[in-house]
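Single-structure report; data block below.
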Amino acid sequence: MAHYFKENYKHVTFMTASEVAKDLNISQASISRFCTLLGYHGYSDFLRHLKEYVRQEITTPERLKYINNDEGIIDIINSEKTNADELKYIINQKSYKELVKKIINAKNLVLLSARMSATLLPYIFYILNKIRGGITCVTPGTSLWDSINLLNPKETQIITIIFPRYPNILINKLDELGKKGFSVAAITDRMFSPVINFANPIIIVPITNISIFDVYSTPMLFFNLLLRDVAKGIKEIDERFKEIDEYEQKNNIYFTED
């Protein structure tokens, strides 16, 4: 059994206990007992630690090859339920409250990310820009990517989003900004993320990576809660929202039925 796990560990991260048992022609109970002997609380606990270990090794083509059953859909849904439950504890952490204060008080706020992680930026920028001014969204390939270093570090707060697979171009930029004295706060998926060397505070938000592509529904929910708390701390927010609403009505921004 140990040899099977050693030779097929990537594939196992996408398999249920019953599938492993079927491959080995043994009972599912034998799989559970083996995992318990290794010091885990059963197969599910073993699988969770295994996924954490190999997540950086598994490429998209490999995920596509391994994901070949409908049971995986239920696993993804269950994983997201577990991740969402973690948010109750995340938003009560000291680091979370510190992040809220930094977003409220920074004169200039820069949202910085790259590749798939950067797909979250438009949502955050859209809402945050309604809450307060001084927001800049920066990704590789934009003119601001090369000129961000010219901003005043004492007046600028960097917020970075970095989930696997961690882009080197973003890691190098964060290293560069950190050395120039910029304050960097990070939202990532684990304490062993490479951003740990450049950021404070660091907020750990779990993601599901057992699908072909990483699932970002938990980070989306996290940012909704974060921006809600930021809005509550902004002075004269009611007046700002009122002005935005009046502008949108005056310019017929949204469809209404006659």
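Every chain in the structure tokens has a letter given in the order shown (A, B, ...), and although residue numbers restart at 1 in each chain, ligands are simply numbered from 1 in the order shown.
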
Can you pull out the residues contacting Ser95 of chain A? Cut-off 8 Å, using only C-alpha atoms, and skip same-chain residues under 5 positions away; I want them as a PyMOL selection string.
chain A and resi 201-203

I need the chosen residues saved as a PDB file, in the first residue's frame, with N, CA, C and O atoms.
```pdb
ATOM      1  N   PRO A 201       0.311  42.751   7.321  1.00  0.00           N
ATOM      2  CA  PRO A 201      -0.126  41.415   7.726  1.00  0.00           C
ATOM      3  C   PRO A 201      -0.306  40.476   6.545  1.00  0.00           C
ATOM      4  O   PRO A 201      -0.372  40.906   5.390  1.00  0.00           O
ATOM      5  N   ILE A 202      -0.410  39.192   6.879  1.00  0.00           N
ATOM      6  CA  ILE A 202      -0.717  38.161   5.896  1.00  0.00           C
ATOM      7  C   ILE A 202      -2.019  37.489   6.314  1.00  0.00           C
ATOM      8  O   ILE A 202      -2.148  37.025   7.439  1.00  0.00           O
ATOM      9  N   ILE A 203      -2.985  37.461   5.411  1.00  0.00           N
ATOM     10  CA  ILE A 203      -4.269  36.814   5.679  1.00  0.00           C
ATOM     11  C   ILE A 203      -4.319  35.519   4.884  1.00  0.00           C
ATOM     12  O   ILE A 203      -4.133  35.521   3.664  1.00  0.00           O
TER      13      ILE A 203
END
```

Which residues of segment 79-134 of chain A come within 10 Å of segment 212-233 of chain A, and for each one, what is the closest pair of atoms and their distance in Å to one decimal, counting only C-alpha atoms, sorted by chain and residue number, as JSON lines?
```
{"residue": "A:Ser79", "atom": "CA", "partner": "A:Val215", "partner_atom": "CA", "distance": 9.8}
{"residue": "A:Glu80", "atom": "CA", "partner": "A:Thr218", "partner_atom": "CA", "distance": 6.8}
{"residue": "A:Lys81", "atom": "CA", "partner": "A:Thr218", "partner_atom": "CA", "distance": 8.7}
{"residue": "A:Thr82", "atom": "CA", "partner": "A:Thr218", "partner_atom": "CA", "distance": 9.6}
{"residue": "A:Asn83", "atom": "CA", "partner": "A:Thr218", "partner_atom": "CA", "distance": 6.4}
{"residue": "A:Ala84", "atom": "CA", "partner": "A:Thr218", "partner_atom": "CA", "distance": 5.7}
{"residue": "A:Asp85", "atom": "CA", "partner": "A:Thr218", "partner_atom": "CA", "distance": 9.3}
{"residue": "A:Glu86", "atom": "CA", "partner": "A:Thr218", "partner_atom": "CA", "distance": 9.2}
{"residue": "A:Leu87", "atom": "CA", "partner": "A:Phe222", "partner_atom": "CA", "distance": 6.8}
{"residue": "A:Lys88", "atom": "CA", "partner": "A:Phe222", "partner_atom": "CA", "distance": 9.7}
{"residue": "A:Ile90", "atom": "CA", "partner": "A:Phe222", "partner_atom": "CA", "distance": 8.9}
{"residue": "A:Ile91", "atom": "CA", "partner": "A:Leu226", "partner_atom": "CA", "distance": 7.9}
{"residue": "A:Tyr96", "atom": "CA", "partner": "A:Leu226", "partner_atom": "CA", "distance": 8.3}
{"residue": "A:Lys97", "atom": "CA", "partner": "A:Asp229", "partner_atom": "CA", "distance": 9.0}
{"residue": "A:Leu99", "atom": "CA", "partner": "A:Leu226", "partner_atom": "CA", "distance": 8.8}
{"residue": "A:Val100", "atom": "CA", "partner": "A:Val230", "partner_atom": "CA", "distance": 5.6}
{"residue": "A:Lys101", "atom": "CA", "partner": "A:Val230", "partner_atom": "CA", "distance": 7.6}
{"residue": "A:Lys102", "atom": "CA", "partner": "A:Val230", "partner_atom": "CA", "distance": 9.4}
{"residue": "A:Ile103", "atom": "CA", "partner": "A:Val230", "partner_atom": "CA", "distance": 7.0}
{"residue": "A:Ile104", "atom": "CA", "partner": "A:Val230", "partner_atom": "CA", "distance": 6.2}
{"residue": "A:Asn105", "atom": "CA", "partner": "A:Gly233", "partner_atom": "CA", "distance": 9.5}
{"residue": "A:Met116", "atom": "CA", "partner": "A:Asp214", "partner_atom": "CA", "distance": 9.0}
{"residue": "A:Ser117", "atom": "CA", "partner": "A:Tyr216", "partner_atom": "CA", "distance": 8.8}
{"residue": "A:Thr119", "atom": "CA", "partner": "A:Tyr216", "partner_atom": "CA", "distance": 9.6}
{"residue": "A:Leu120", "atom": "CA", "partner": "A:Met220", "partner_atom": "CA", "distance": 7.4}
{"residue": "A:Tyr123", "atom": "CA", "partner": "A:Met220", "partner_atom": "CA", "distance": 8.4}
{"residue": "A:Ile124", "atom": "CA", "partner": "A:Phe223", "partner_atom": "CA", "distance": 7.0}
{"residue": "A:Ile127", "atom": "CA", "partner": "A:Leu227", "partner_atom": "CA", "distance": 7.5}
{"residue": "A:Leu128", "atom": "CA", "partner": "A:Leu227", "partner_atom": "CA", "distance": 6.8}
{"residue": "A:Lys130", "atom": "CA", "partner": "A:Ala231", "partner_atom": "CA", "distance": 9.3}
{"residue": "A:Ile131", "atom": "CA", "partner": "A:Ala231", "partner_atom": "CA", "distance": 6.0}
{"residue": "A:Arg132", "atom": "CA", "partner": "A:Ala231", "partner_atom": "CA", "distance": 8.4}
```

Can you check which residues of segment 29-236 of chain A DSSP gives as alpha helix (DSSP H) on the backbone and send them as a count of residues only?
104

DSSP on the backbone: what in segment 99-136 of chain A comes out strand (DSSP E), as number ranges by chain?
A: 108-112, 135-136

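Every protein, DNA or RNA residue with an atom at most 9 Å from Leu121 of chain A, where only C-alpha atoms count and chain neighbours fewer than 5 positions away do not, is listed here: Leu111, Leu112, Ser113, Tyr126, Cys137, Val138 and Ile161 of chain A.
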
Can you tell me which residues surround segment 181-198 of chain A at a distance of at most 8 Å, considering only C-alpha atoms, apart from same-chain residues fewer than 4 positions away, and format the answer as a PyMOL selection string?
chain A and resi 99+153-154+156-164+166+171+174-175+177+202-207

Computed interatomic separation between atom CA of His49 of chain A and atom CA of Met15 of chain A (Å):
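Calculated distance between atom CA of His49 of chain A and atom CA of Met15 of chain A is 13.9 Å.
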
Which residues come within 12 Å of segment 33-41 of chain A, counting only C-alpha atoms, excluding same-chain residues fewer than 5 positions away, as a list of chain:residue names?
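Here the qualifying residues turn out to be A:Met1, A:Ala2, A:Phe5, A:Ala17, A:Ala21, A:Ile26, A:Ser27, A:Gln28, A:Phe46, A:Leu47, A:Arg48, A:His49, A:Leu50.
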
Could you save the residues just selected, with C-alpha atoms, as a PDB file, in the first residue's frame?
```pdb
ATOM      1  CA  MET A   1       0.000   0.000   0.000  1.00  0.00           C
ATOM      2  CA  ALA A   2       2.829   2.393   0.851  1.00  0.00           C
ATOM      3  CA  PHE A   5       0.846   5.858  -2.578  1.00  0.00           C
ATOM      4  CA  ALA A  17     -10.947   6.030  -0.490  1.00  0.00           C
ATOM      5  CA  ALA A  21      -9.383   0.424  -2.339  1.00  0.00           C
ATOM      6  CA  ILE A  26      -8.635  -4.357  -0.661  1.00  0.00           C
ATOM      7  CA  SER A  27     -11.355  -3.016   1.629  1.00  0.00           C
ATOM      8  CA  GLN A  28     -11.956   0.667   2.247  1.00  0.00           C
ATOM      9  CA  PHE A  46      -4.378  12.071   5.020  1.00  0.00           C
ATOM     10  CA  LEU A  47      -5.716  13.368   1.705  1.00  0.00           C
ATOM     11  CA  ARG A  48      -5.912  16.948   2.969  1.00  0.00           C
ATOM     12  CA  HIS A  49      -2.236  16.896   3.996  1.00  0.00           C
ATOM     13  CA  LEU A  50      -1.219  15.183   0.758  1.00  0.00           C
TER      14      LEU A  50
END
```

Which neighbours of Gly133 of chain A fall inside 10 Å, counting only C-alpha atoms, when residues of the same chain fewer than 4 positions from it are skipped, and could you give them as number ranges by chain?
A: 107-109, 128-129

Please report the interatomic distance between atom CA of Ser18 of chain A and atom CA of Asp45 of chain A in Å with one decimal.
15.1 Å

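The smallest atom-to-atom distance between Ser211 of chain A and any of A:Glu7, A:Glu248, A:Glu19, A:Asp75, using only C-alpha atoms, is found for A:Asp75.
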